[in-house]
file upload04.json (JSON, C-alpha atoms)
[["chain", "number", "residue", "atom", "x", "y", "z"],
["A", 29, "MET", "CA", 144.80, 175.17, 216.36],
["A", 30, "LEU", "CA", 141.59, 174.78, 214.46],
["A", 31, "LYS", "CA", 140.77, 176.66, 211.31],
["A", 32, "GLU", "CA", 137.36, 178.27, 210.92],
["A", 33, "GLU", "CA", 136.23, 175.67, 208.35],
["A", 34, "GLU", "CA", 137.32, 172.89, 210.71],
["A", 35, "ILE", "CA", 135.11, 174.31, 213.48],
["A", 36, "ARG", "CA", 132.29, 174.46, 210.93],
["A", 37, "THR", "CA", 132.70, 170.71, 210.33],
["A", 38, "PHE", "CA", 131.92, 170.02, 213.99],
["A", 39, "ILE", "CA", 129.03, 172.49, 214.05],
["A", 40, "GLU", "CA", 127.49, 170.73, 211.05],
["A", 41, "GLY", "CA", 128.07, 167.35, 212.70],
["A", 42, "ALA", "CA", 126.25, 168.47, 215.83],
["A", 43, "THR", "CA", 123.27, 170.01, 214.04],
["A", 44, "ASN", "CA", 122.97, 167.05, 211.69],
["A", 45, "TYR", "CA", 122.90, 164.67, 214.66],
["A", 46, "PHE", "CA", 119.88, 166.34, 216.24],
["A", 47, "GLU", "CA", 118.06, 166.91, 212.95],
["A", 48, "THR", "CA", 118.42, 163.28, 211.90],
["A", 49, "SER", "CA", 118.26, 161.34, 215.16],
["A", 50, "ALA", "CA", 115.68, 163.46, 216.97],
["A", 51, "GLN", "CA", 113.99, 165.03, 213.94],
["A", 52, "GLN", "CA", 114.23, 168.31, 215.78],
["A", 53, "ALA", "CA", 116.83, 170.96, 215.00],
["A", 54, "ALA", "CA", 119.32, 172.22, 217.57],
["A", 55, "SER", "CA", 120.72, 175.73, 217.50],
["A", 56, "VAL", "CA", 124.39, 176.37, 217.92],
["A", 57, "GLY", "CA", 125.78, 179.37, 219.78],
["A", 58, "SER", "CA", 128.97, 181.19, 218.85],
["A", 59, "PRO", "CA", 131.98, 178.92, 219.34],
["A", 60, "TYR", "CA", 134.54, 180.28, 221.78],
["A", 61, "LEU", "CA", 138.10, 179.53, 222.73],
["A", 62, "VAL", "CA", 139.04, 178.40, 226.24],
["A", 63, "THR", "CA", 142.70, 178.79, 227.10],
["A", 64, "ASP", "CA", 142.91, 177.56, 230.69],
["A", 65, "GLY", "CA", 142.53, 173.84, 229.91],
["A", 66, "LYS", "CA", 139.10, 173.75, 231.59],
["A", 67, "PRO", "CA", 136.35, 173.86, 228.98],
["A", 68, "GLY", "CA", 133.79, 172.55, 231.50],
["A", 69, "ALA", "CA", 131.34, 169.67, 231.50],
["A", 70, "PHE", "CA", 127.81, 168.65, 232.40],
["A", 71, "GLU", "CA", 126.66, 165.47, 234.18],
["A", 72, "TYR", "CA", 127.41, 163.12, 231.27],
["A", 73, "THR", "CA", 130.36, 163.33, 228.88],
["A", 74, "GLY", "CA", 131.34, 161.13, 225.96],
["A", 75, "VAL", "CA", 135.03, 161.51, 225.10],
["A", 76, "ILE", "CA", 136.64, 160.45, 221.82],
["A", 77, "GLY", "CA", 140.42, 160.26, 221.58],
["A", 78, "ILE", "CA", 141.85, 161.50, 218.29],
["A", 79, "SER", "CA", 145.08, 160.16, 216.83],
["A", 80, "GLY", "CA", 146.70, 159.97, 213.42],
["A", 81, "ALA", "CA", 147.12, 163.21, 211.51],
["A", 82, "ARG", "CA", 145.58, 165.18, 214.42],
["A", 83, "LYS", "CA", 145.93, 164.51, 218.12],
["A", 84, "GLY", "CA", 143.67, 165.41, 221.01],
["A", 85, "ILE", "CA", 140.08, 164.81, 222.05],
["A", 86, "VAL", "CA", 136.55, 165.67, 221.05],
["A", 87, "TYR", "CA", 133.88, 165.48, 223.70],
["A", 88, "PHE", "CA", 130.13, 165.96, 223.89],
["A", 89, "THR", "CA", 128.77, 166.83, 227.31],
["A", 90, "ALA", "CA", 125.14, 167.22, 228.32],
["A", 91, "PRO", "CA", 122.81, 167.15, 231.32],
["A", 92, "ARG", "CA", 120.65, 164.12, 232.01],
["A", 93, "GLY", "CA", 117.46, 166.02, 231.11],
["A", 94, "MET", "CA", 118.57, 166.62, 227.53],
["A", 95, "LEU", "CA", 119.78, 163.07, 227.04],
["A", 96, "THR", "CA", 116.57, 161.60, 228.45],
["A", 97, "VAL", "CA", 114.43, 163.61, 226.02],
["A", 98, "LEU", "CA", 116.78, 162.73, 223.16],
["A", 99, "LEU", "CA", 116.33, 159.04, 223.97],
["A", 100, "MET", "CA", 112.57, 159.49, 223.96],
["A", 101, "ARG", "CA", 112.72, 161.21, 220.58],
["A", 102, "MET", "CA", 114.57, 158.14, 219.34],
["A", 103, "GLN", "CA", 111.65, 155.98, 220.61],
["A", 104, "GLU", "CA", 113.90, 154.49, 223.29],
["A", 105, "THR", "CA", 111.85, 153.83, 226.42],
["A", 106, "ASP", "CA", 114.71, 152.72, 228.68],
["A", 107, "SER", "CA", 116.30, 155.84, 230.16],
["A", 108, "SER", "CA", 118.50, 153.98, 232.63],
["A", 109, "ASP", "CA", 121.90, 155.37, 233.56],
["A", 110, "GLU", "CA", 123.50, 152.74, 231.29],
["A", 111, "ASN", "CA", 121.51, 153.90, 228.28],
["A", 112, "ILE", "CA", 122.15, 157.58, 229.02],
["A", 113, "LYS", "CA", 125.90, 156.83, 229.14],
["A", 114, "ASP", "CA", 125.62, 154.82, 225.95],
["A", 115, "LEU", "CA", 123.85, 157.73, 224.23],
["A", 116, "VAL", "CA", 126.34, 160.42, 225.24],
["A", 117, "GLY", "CA", 129.17, 158.20, 223.95],
["A", 118, "GLU", "CA", 127.30, 157.53, 220.71],
["A", 119, "VAL", "CA", 126.69, 161.25, 220.09],
["A", 120, "ALA", "CA", 130.41, 161.98, 220.57],
["A", 121, "ASN", "CA", 131.33, 159.03, 218.36],
["A", 122, "THR", "CA", 128.93, 160.06, 215.58],
["A", 123, "ILE", "CA", 129.98, 163.71, 215.45],
["A", 124, "SER", "CA", 133.69, 162.77, 215.53],
["A", 125, "GLY", "CA", 133.28, 160.04, 212.91],
["A", 126, "ASN", "CA", 131.33, 162.38, 210.64],
["A", 127, "ALA", "CA", 134.24, 164.84, 210.82],
["A", 128, "ARG", "CA", 136.26, 162.40, 208.72],
["A", 129, "ARG", "CA", 134.18, 163.53, 205.74],
["A", 130, "ASP", "CA", 136.37, 166.68, 205.81],
["A", 131, "PHE", "CA", 139.42, 165.59, 207.84],
["A", 132, "GLY", "CA", 139.92, 162.30, 205.99],
["A", 133, "LYS", "CA", 140.75, 158.77, 207.03],
["A", 134, "ASN", "CA", 143.83, 159.77, 209.02],
["A", 135, "PHE", "CA", 141.60, 161.49, 211.56],
["A", 136, "VAL", "CA", 141.52, 158.34, 213.70],
["A", 137, "ILE", "CA", 138.85, 158.12, 216.39],
["A", 138, "SER", "CA", 138.80, 155.90, 219.47],
["A", 139, "VAL", "CA", 135.81, 154.12, 220.92],
["A", 140, "PRO", "CA", 134.04, 156.45, 223.39],
["A", 141, "THR", "CA", 134.99, 156.80, 227.04],
["A", 142, "VAL", "CA", 132.12, 158.04, 229.21],
["A", 143, "ILE", "CA", 132.49, 160.13, 232.36],
["A", 144, "ALA", "CA", 129.30, 160.38, 234.38],
["A", 145, "HIS", "CA", 128.31, 162.16, 237.60],
["A", 146, "ASP", "CA", 131.75, 163.73, 238.04],
["A", 147, "PRO", "CA", 132.19, 166.67, 235.65],
["A", 148, "ASP", "CA", 135.37, 167.77, 237.44],
["A", 149, "LYS", "CA", 137.05, 164.64, 236.10],
["A", 150, "VAL", "CA", 136.64, 165.85, 232.53],
["A", 151, "SER", "CA", 139.82, 167.52, 231.38],
["A", 152, "ALA", "CA", 141.37, 168.64, 228.14],
["A", 153, "PRO", "CA", 144.87, 167.45, 227.12],
["A", 154, "HIS", "CA", 145.92, 170.92, 225.97],
["A", 155, "ALA", "CA", 145.28, 174.42, 227.30],
["A", 156, "ARG", "CA", 143.36, 175.56, 224.21],
["A", 157, "SER", "CA", 139.96, 174.10, 223.38],
["A", 158, "TYR", "CA", 137.11, 175.29, 221.22],
["A", 159, "VAL", "CA", 133.69, 175.09, 222.83],
["A", 160, "ILE", "CA", 130.60, 174.88, 220.62],
["A", 161, "PRO", "CA", 127.45, 175.59, 222.66],
["A", 162, "ILE", "CA", 124.44, 173.51, 221.60],
["A", 163, "ASN", "CA", 120.88, 174.45, 222.51],
["A", 164, "TRP", "CA", 118.09, 171.97, 221.97],
["A", 165, "ARG", "CA", 114.56, 172.45, 223.25],
["A", 166, "THR", "CA", 115.13, 173.99, 226.69],
["A", 167, "HIS", "CA", 118.46, 172.27, 227.25],
["A", 168, "SER", "CA", 122.08, 173.27, 226.79],
["A", 169, "ALA", "CA", 125.04, 171.05, 225.97],
["A", 170, "LYS", "CA", 128.56, 171.55, 224.66],
["A", 171, "LEU", "CA", 130.78, 170.05, 222.04],
["A", 172, "VAL", "CA", 134.44, 170.55, 222.95],
["A", 173, "VAL", "CA", 137.19, 170.18, 220.39],
["A", 174, "CYS", "CA", 140.76, 170.11, 221.69],
["A", 175, "LEU", "CA", 143.24, 169.26, 218.94],
["A", 176, "GLU", "CA", 146.94, 170.02, 218.53],
["B", 19, "MET", "CA", 115.66, 136.04, 205.98],
["B", 20, "LYS", "CA", 117.68, 136.27, 209.16],
["B", 21, "LEU", "CA", 119.17, 139.59, 210.30],
["B", 22, "MET", "CA", 122.05, 140.01, 212.77],
["B", 23, "ILE", "CA", 122.84, 143.45, 214.24],
["B", 24, "VAL", "CA", 126.40, 144.38, 215.24],
["B", 25, "ASP", "CA", 127.08, 147.62, 217.11],
["B", 26, "ASP", "CA", 128.82, 148.47, 220.38],
["B", 27, "SER", "CA", 125.95, 150.80, 221.30],
["B", 28, "ASN", "CA", 122.95, 149.13, 222.91],
["B", 29, "ILE", "CA", 120.79, 152.07, 221.85],
["B", 30, "ILE", "CA", 121.73, 151.62, 218.20],
["B", 31, "ARG", "CA", 121.21, 147.85, 218.34],
["B", 32, "ARG", "CA", 117.73, 148.37, 219.79],
["B", 33, "ARG", "CA", 116.99, 151.19, 217.37],
["B", 34, "ILE", "CA", 117.83, 149.08, 214.31],
["B", 35, "GLU", "CA", 115.75, 146.19, 215.65],
["B", 36, "ARG", "CA", 112.79, 148.49, 216.35],
["B", 37, "SER", "CA", 113.02, 150.55, 213.18],
["B", 38, "GLN", "CA", 113.60, 147.97, 210.53],
["B", 39, "GLN", "CA", 110.27, 147.27, 208.87],
["B", 40, "ILE", "CA", 111.21, 144.87, 206.13],
["B", 41, "ASP", "CA", 108.66, 142.05, 206.34],
["B", 42, "ARG", "CA", 111.03, 139.37, 205.17],
["B", 43, "LEU", "CA", 113.71, 140.20, 207.76],
["B", 44, "GLU", "CA", 113.69, 138.62, 211.20],
["B", 45, "VAL", "CA", 116.26, 139.66, 213.82],
["B", 46, "VAL", "CA", 118.07, 136.57, 215.09],
["B", 47, "GLY", "CA", 120.60, 138.24, 217.36],
["B", 48, "ALA", "CA", 122.78, 141.21, 218.20],
["B", 49, "ALA", "CA", 126.46, 141.53, 219.06],
["B", 50, "SER", "CA", 128.42, 144.36, 220.64],
["B", 51, "ASN", "CA", 131.80, 143.77, 219.01],
["B", 52, "GLY", "CA", 133.40, 141.91, 216.13],
["B", 53, "ARG", "CA", 134.49, 138.90, 218.15],
["B", 54, "GLU", "CA", 131.00, 138.37, 219.58],
["B", 55, "ALA", "CA", 129.58, 138.83, 216.07],
["B", 56, "VAL", "CA", 131.71, 136.03, 214.61],
["B", 57, "GLU", "CA", 130.56, 133.64, 217.36],
["B", 58, "LEU", "CA", 126.92, 134.63, 216.91],
["B", 59, "PHE", "CA", 127.25, 134.33, 213.15],
["B", 60, "ARG", "CA", 128.48, 130.73, 213.47],
["B", 61, "ARG", "CA", 125.49, 129.88, 215.68],
["B", 62, "THR", "CA", 122.71, 131.68, 213.79],
["B", 63, "ASN", "CA", 123.98, 131.83, 210.19],
["B", 64, "PRO", "CA", 122.19, 135.08, 209.29],
["B", 65, "ASP", "CA", 121.55, 136.16, 205.69],
["B", 66, "VAL", "CA", 121.90, 139.89, 206.40],
["B", 67, "VAL", "CA", 124.14, 141.76, 208.86],
["B", 68, "THR", "CA", 124.24, 145.42, 209.90],
["B", 69, "MET", "CA", 127.80, 146.20, 210.92],
["B", 70, "ASP", "CA", 129.27, 149.07, 212.93],
["B", 71, "LEU", "CA", 132.96, 149.81, 212.27],
["B", 72, "THR", "CA", 134.40, 151.45, 215.40],
["B", 73, "MET", "CA", 134.10, 148.77, 218.07],
["B", 74, "PRO", "CA", 136.28, 147.29, 220.82],
["B", 75, "GLU", "CA", 137.80, 143.79, 220.62],
["B", 76, "MET", "CA", 137.51, 143.39, 216.84],
["B", 77, "ASP", "CA", 136.59, 146.30, 214.56],
["B", 78, "GLY", "CA", 133.99, 146.15, 211.84],
["B", 79, "ILE", "CA", 136.31, 145.92, 208.83],
["B", 80, "GLU", "CA", 138.06, 142.87, 210.27],
["B", 81, "CYS", "CA", 134.71, 141.37, 211.20],
["B", 82, "VAL", "CA", 133.36, 141.88, 207.66],
["B", 83, "GLN", "CA", 136.31, 139.88, 206.33],
["B", 84, "GLU", "CA", 135.73, 137.08, 208.84],
["B", 85, "LEU", "CA", 132.01, 136.85, 208.09],
["B", 86, "VAL", "CA", 132.54, 136.84, 204.32],
["B", 87, "ALA", "CA", 135.12, 134.07, 204.78],
["B", 88, "LEU", "CA", 132.48, 132.04, 206.67],
["B", 89, "ASN", "CA", 129.73, 132.74, 204.12],
["B", 90, "PRO", "CA", 130.56, 134.58, 200.89],
["B", 91, "ASN", "CA", 126.83, 135.08, 200.23],
["B", 92, "VAL", "CA", 126.10, 137.04, 203.40],
["B", 93, "LEU", "CA", 124.77, 140.57, 202.78],
["B", 94, "ILE", "CA", 126.47, 143.18, 204.96],
["B", 95, "LEU", "CA", 125.25, 146.74, 205.43],
["B", 96, "VAL", "CA", 127.88, 148.82, 207.20],
["B", 97, "VAL", "CA", 126.23, 151.35, 209.54],
["B", 98, "SER", "CA", 128.94, 153.70, 210.73],
["B", 99, "ALA", "CA", 129.68, 157.29, 211.68],
["B", 100, "LEU", "CA", 132.95, 157.17, 209.72],
["B", 101, "ALA", "CA", 131.90, 159.40, 206.88],
["B", 102, "ASP", "CA", 135.03, 159.53, 204.71],
["B", 103, "LYS", "CA", 134.86, 158.00, 201.26],
["B", 104, "ALA", "CA", 138.02, 155.91, 201.75],
["B", 105, "THR", "CA", 136.47, 153.99, 204.65],
["B", 106, "ALA", "CA", 133.32, 153.22, 202.68],
["B", 107, "VAL", "CA", 135.40, 152.03, 199.73],
["B", 108, "GLU", "CA", 137.55, 149.86, 202.02],
["B", 109, "ALA", "CA", 134.48, 148.27, 203.61],
["B", 110, "ILE", "CA", 133.05, 147.44, 200.18],
["B", 111, "GLU", "CA", 136.40, 146.07, 199.01],
["B", 112, "LYS", "CA", 136.56, 143.79, 202.06],
["B", 113, "GLY", "CA", 133.15, 142.35, 201.27],
["B", 114, "ALA", "CA", 130.42, 144.68, 202.54],
["B", 115, "ASN", "CA", 127.49, 145.28, 200.19],
["B", 116, "GLY", "CA", 126.29, 148.70, 201.33],
["B", 117, "PHE", "CA", 127.12, 151.66, 203.56],
["B", 118, "LEU", "CA", 124.76, 153.77, 205.68],
["B", 119, "CYS", "CA", 126.22, 156.75, 207.51],
["B", 120, "LYS", "CA", 125.18, 157.52, 211.09],
["B", 121, "PRO", "CA", 123.16, 159.35, 212.17],
["B", 122, "PHE", "CA", 120.32, 157.79, 210.21],
["B", 123, "SER", "CA", 116.56, 158.14, 210.15],
["B", 124, "ASP", "CA", 114.19, 155.16, 210.16],
["B", 125, "ARG", "CA", 113.42, 155.85, 206.51],
["B", 126, "GLN", "CA", 117.11, 155.87, 205.56],
["B", 127, "LEU", "CA", 117.69, 152.58, 207.38],
["B", 128, "ASN", "CA", 114.80, 150.85, 205.66],
["B", 129, "GLU", "CA", 115.75, 152.23, 202.24],
["B", 130, "ALA", "CA", 119.32, 151.00, 202.71],
["B", 131, "LEU", "CA", 118.15, 147.53, 203.71],
["B", 132, "GLU", "CA", 115.67, 147.38, 200.81],
["B", 133, "GLU", "CA", 118.39, 148.42, 198.40],
["B", 134, "LEU", "CA", 120.71, 145.75, 199.76],
["B", 135, "LEU", "CA", 118.08, 143.04, 199.35],
["B", 136, "SER", "CA", 116.97, 144.24, 195.91],
["B", 137, "ALA", "CA", 120.55, 144.29, 194.63],
["B", 138, "SER", "CA", 121.08, 140.72, 195.84],
["B", 139, "GLU", "CA", 117.92, 139.57, 194.06],
["B", 140, "ALA", "CA", 118.75, 141.27, 190.77]]

call {"tool": "encode", "arguments": {"input": "upload04.json", "output": "structure tokens"}}
result
Amino acid sequence: MLKEEEIRTFIEGATNYFETSAQQAASVGSPYLVTDGKPGAFEYTGVIGISGARKGIVYFTAPRGMLTVLLMRMQETDSSDENIKDLVGEVANTISGNARRDFGKNFVISVPTVIAHDPDKVSAPHARSYVIPINWRTHSAKLVVCLE
Amino acid sequence: MKLMIVDDSNIIRRRIERSQQIDRLEVVGAASNGREAVELFRRTNPDVVTMDLTMPEMDGIECVQELVALNPNVLILVVSALADKATAVEAIEKGANGFLCKPFSDRQLNEALEELLSASEA
């Protein structure tokens, strides 16, 4: 279970990522709880395993269009599949790592695992996940937090 | 002065190379994990290193220790998403000279590098 202030930590991490990396704010929709173990995914997903004091996963999932524009905003001209996968993993890694500001050092994060072109393969380890919708420019993405 | 970039993300490696605008810094190489970084360090002997922490093979903290053992005068700026104070303190204790939290803007990167160089010259 996540407390309200813990969800806020991830919301702040997501908005800070877009503001700083893309110099363009993202808006965040109301977080909601999914209880069927299927929070859903877009074309590219960066998954971070969480261990230590908390266990579970955090993932950032987005369509190619959003990630391509995000790369461009970062002055990256190479929007190859490899770089798109790299970016989605880096976004997940950054938001999860930033969460340690509030969760502390025992919120241990893995290196990112990326799942591309097969959203059905993305699954949550527990039935209950919090989904934070992220809207940036004309694109939608999700940050999914599934912790014991 | 020679700069080596260490990060498992190609995008971040390229971003640091592109964004750093310190005239006296020249990028001499980039590595995607700690083990690669130690090998590259031996070959290129950089003066300044930007160092990610969460990486496969060998993490950044271990790599900082190895690089400082090879050259105690190397200047290391940790560039990491790990935003807790304890991690920053540990990195400094192991031999890093500065800490920049991801995500970062170009201005923040250049200010952090300038600060690192200024402190070493003081």

call {"tool": "residues_around", "arguments": {"input": "upload04.json", "residues": "A:Tyr87", "least_positions_apart": "6", "cutoff": "7 Å", "atoms": "all atoms listed in the file", "output": "PyMOL selection string"}}
result
chain A and resi 73-76+120+171-173

call {"tool": "closest_atom_pairs", "arguments": {"input": "upload04.json", "of": "chain B", "to": "chain A", "cutoff": "6 Å", "atoms": "all atoms listed in the file", "output": "Markdown table"}}
result
| residue | atom | partner | partner_atom | distance |
| --- | --- | --- | --- | --- |
| B:Ala99 | CA | A:Gly125 | CA | 4.7 |
| B:Leu100 | CA | A:Gly125 | CA | 4.3 |
| B:Ala101 | CA | A:Asn126 | CA | 4.8 |
| B:Asp102 | CA | A:Arg129 | CA | 4.2 |
| B:Pro121 | CA | A:Tyr45 | CA | 5.9 |
| B:Ser123 | CA | A:Thr48 | CA | 5.7 |

call {"tool": "residues_around", "arguments": {"input": "upload04.json", "residues": "A:His145", "least_positions_apart": "2", "cutoff": "10 Å", "atoms": "only C-alpha atoms", "output": "count of residues only"}}
result
10

call {"tool": "atom_distance", "arguments": {"input": "upload04.json", "atom1": "atom CA of A:Val56", "atom2": "atom CA of A:Ser108"}}
result
27.4 Å

call {"tool": "atom_distance", "arguments": {"input": "upload04.json", "atom1": "atom CA of B:Thr62", "atom2": "atom CA of B:Ile94"}}
result
15.0 Å

call {"tool": "residues_around", "arguments": {"input": "upload04.json", "residues": "stretch 39-42 of chain B", "least_positions_apart": "5", "cutoff": "10 Å", "atoms": "all atoms listed in the file", "output": "PyMOL selection string"}}
result
chain B and resi 19-21+34+124-125+127-129+131-132+135

call {"tool": "atom_distance", "arguments": {"input": "upload04.json", "atom1": "atom CA of B:Met73", "atom2": "atom CA of B:Lys112"}}
result
16.9 Å

call {"tool": "closest_residue", "arguments": {"input": "upload04.json", "among": "B:Val82, B:Leu58, B:Ala48, B:Ile110", "to": "B:Ile29", "atoms": "only C-alpha atoms"}}
result
B:Ala48

call {"tool": "residues_around", "arguments": {"input": "upload04.json", "residues": "A:Thr43", "least_positions_apart": "5", "cutoff": "9 Å", "atoms": "all atoms listed in the file", "output": "PyMOL selection string"}}
result
chain A and resi 38+48+53-56+162

call {"tool": "closest_residue", "arguments": {"input": "upload04.json", "among": "B:Met22, B:Leu43, B:Ile79, B:Ala130", "to": "B:Val107", "atoms": "only C-alpha atoms"}}
result
B:Ile79

call {"tool": "closest_residue", "arguments": {"input": "upload04.json", "among": "A:Val116, A:Ser151, A:Lys31, A:Arg82", "to": "A:Met94", "atoms": "only C-alpha atoms"}}
result
A:Val116

call {"tool": "residues_around", "arguments": {"input": "upload04.json", "residues": "A:Val62", "least_positions_apart": "5", "cutoff": "10 Å", "atoms": "all atoms listed in the file", "output": "number ranges by chain"}}
result
A: 67-68, 155-159, 172, 174

call {"tool": "axis_aligned_box", "arguments": {"input": "upload04.json", "around": "stretch 39-55 of chain B", "padding_each_side": "8 Å", "output": "JSON"}}
result
{"center_x": 121.6, "center_y": 141.9, "center_z": 212.9, "size_x": 41.8, "size_y": 26.7, "size_z": 31.5}

call {"tool": "residues_near_point", "arguments": {"input": "upload04.json", "point": "(128.3, 139.5, 217.9)", "cutoff": "12 Å", "atoms": "only C-alpha atoms", "output": "PDB file with C-alpha atoms, keeping the file's coordinate frame"}}
result
ATOM      1  CA  LEU B  21     119.170 139.590 210.300  1.00  0.00           C
ATOM      2  CA  MET B  22     122.050 140.010 212.770  1.00  0.00           C
ATOM      3  CA  ILE B  23     122.840 143.450 214.240  1.00  0.00           C
ATOM      4  CA  VAL B  24     126.400 144.380 215.240  1.00  0.00           C
ATOM      5  CA  ASP B  25     127.080 147.620 217.110  1.00  0.00           C
ATOM      6  CA  ASP B  26     128.820 148.470 220.380  1.00  0.00           C
ATOM      7  CA  ARG B  31     121.210 147.850 218.340  1.00  0.00           C
ATOM      8  CA  VAL B  46     118.070 136.570 215.090  1.00  0.00           C
ATOM      9  CA  GLY B  47     120.600 138.240 217.360  1.00  0.00           C
ATOM     10  CA  ALA B  48     122.780 141.210 218.200  1.00  0.00           C
ATOM     11  CA  ALA B  49     126.460 141.530 219.060  1.00  0.00           C
ATOM     12  CA  SER B  50     128.420 144.360 220.640  1.00  0.00           C
ATOM     13  CA  ASN B  51     131.800 143.770 219.010  1.00  0.00           C
ATOM     14  CA  GLY B  52     133.400 141.910 216.130  1.00  0.00           C
ATOM     15  CA  ARG B  53     134.490 138.900 218.150  1.00  0.00           C
ATOM     16  CA  GLU B  54     131.000 138.370 219.580  1.00  0.00           C
ATOM     17  CA  ALA B  55     129.580 138.830 216.070  1.00  0.00           C
ATOM     18  CA  VAL B  56     131.710 136.030 214.610  1.00  0.00           C
ATOM     19  CA  GLU B  57     130.560 133.640 217.360  1.00  0.00           C
ATOM     20  CA  LEU B  58     126.920 134.630 216.910  1.00  0.00           C
ATOM     21  CA  PHE B  59     127.250 134.330 213.150  1.00  0.00           C
ATOM     22  CA  ARG B  60     128.480 130.730 213.470  1.00  0.00           C
ATOM     23  CA  ARG B  61     125.490 129.880 215.680  1.00  0.00           C
ATOM     24  CA  THR B  62     122.710 131.680 213.790  1.00  0.00           C
ATOM     25  CA  ASN B  63     123.980 131.830 210.190  1.00  0.00           C
ATOM     26  CA  PRO B  64     122.190 135.080 209.290  1.00  0.00           C
ATOM     27  CA  VAL B  67     124.140 141.760 208.860  1.00  0.00           C
ATOM     28  CA  THR B  68     124.240 145.420 209.900  1.00  0.00           C
ATOM     29  CA  MET B  69     127.800 146.200 210.920  1.00  0.00           C
ATOM     30  CA  ASP B  70     129.270 149.070 212.930  1.00  0.00           C
ATOM     31  CA  MET B  73     134.100 148.770 218.070  1.00  0.00           C
ATOM     32  CA  PRO B  74     136.280 147.290 220.820  1.00  0.00           C
ATOM     33  CA  GLU B  75     137.800 143.790 220.620  1.00  0.00           C
ATOM     34  CA  MET B  76     137.510 143.390 216.840  1.00  0.00           C
ATOM     35  CA  ASP B  77     136.590 146.300 214.560  1.00  0.00           C
ATOM     36  CA  GLY B  78     133.990 146.150 211.840  1.00  0.00           C
ATOM     37  CA  CYS B  81     134.710 141.370 211.200  1.00  0.00           C
ATOM     38  CA  VAL B  82     133.360 141.880 207.660  1.00  0.00           C
ATOM     39  CA  GLU B  84     135.730 137.080 208.840  1.00  0.00           C
ATOM     40  CA  LEU B  85     132.010 136.850 208.090  1.00  0.00           C
TER      41      LEU B  85
END

call {"tool": "build_atoms", "arguments": {"input": "upload04.json", "residues": "stretch 89-100 of chain A", "atoms": "N, CA and C atoms", "output": "mmCIF file, in the frame of the given file"}}
result
data_model
loop_
_atom_site.group_PDB
_atom_site.id
_atom_site.type_symbol
_atom_site.label_atom_id
_atom_site.label_comp_id
_atom_site.auth_asym_id
_atom_site.auth_seq_id
_atom_site.Cartn_x
_atom_site.Cartn_y
_atom_site.Cartn_z
ATOM 1 N N THR A 89 129.183 166.877 225.901
ATOM 2 C CA THR A 89 128.770 166.830 227.310
ATOM 3 C C THR A 89 127.382 167.443 227.455
ATOM 4 N N ALA A 90 126.546 166.786 228.238
ATOM 5 C CA ALA A 90 125.140 167.220 228.320
ATOM 6 C C ALA A 90 124.550 166.825 229.674
ATOM 7 N N PRO A 91 123.509 167.545 230.096
ATOM 8 C CA PRO A 91 122.810 167.150 231.320
ATOM 9 C C PRO A 91 121.876 165.976 231.071
ATOM 10 N N ARG A 92 121.513 165.288 232.133
ATOM 11 C CA ARG A 92 120.650 164.120 232.010
ATOM 12 C C ARG A 92 119.315 164.459 231.335
ATOM 13 N N GLY A 93 118.761 165.641 231.662
ATOM 14 C CA GLY A 93 117.460 166.020 231.110
ATOM 15 C C GLY A 93 117.474 166.002 229.584
ATOM 16 N N MET A 94 118.496 166.583 229.003
ATOM 17 C CA MET A 94 118.570 166.620 227.530
ATOM 18 C C MET A 94 118.685 165.212 226.957
ATOM 19 N N LEU A 95 119.527 164.411 227.574
ATOM 20 C CA LEU A 95 119.780 163.070 227.040
ATOM 21 C C LEU A 95 118.539 162.181 227.175
ATOM 22 N N THR A 96 117.795 162.380 228.253
ATOM 23 C CA THR A 96 116.570 161.600 228.450
ATOM 24 C C THR A 96 115.549 161.918 227.355
ATOM 25 N N VAL A 97 115.386 163.218 227.053
ATOM 26 C CA VAL A 97 114.430 163.610 226.020
ATOM 27 C C VAL A 97 114.916 163.132 224.647
ATOM 28 N N LEU A 98 116.215 163.202 224.439
ATOM 29 C CA LEU A 98 116.780 162.730 223.160
ATOM 30 C C LEU A 98 116.503 161.234 222.974
ATOM 31 N N LEU A 99 116.660 160.479 224.045
ATOM 32 C CA LEU A 99 116.330 159.040 223.970
ATOM 33 C C LEU A 99 114.872 158.839 223.599
ATOM 34 N N MET A 100 113.999 159.627 224.240
ATOM 35 C CA MET A 100 112.570 159.490 223.960
ATOM 36 C C MET A 100 112.255 159.820 222.509
#
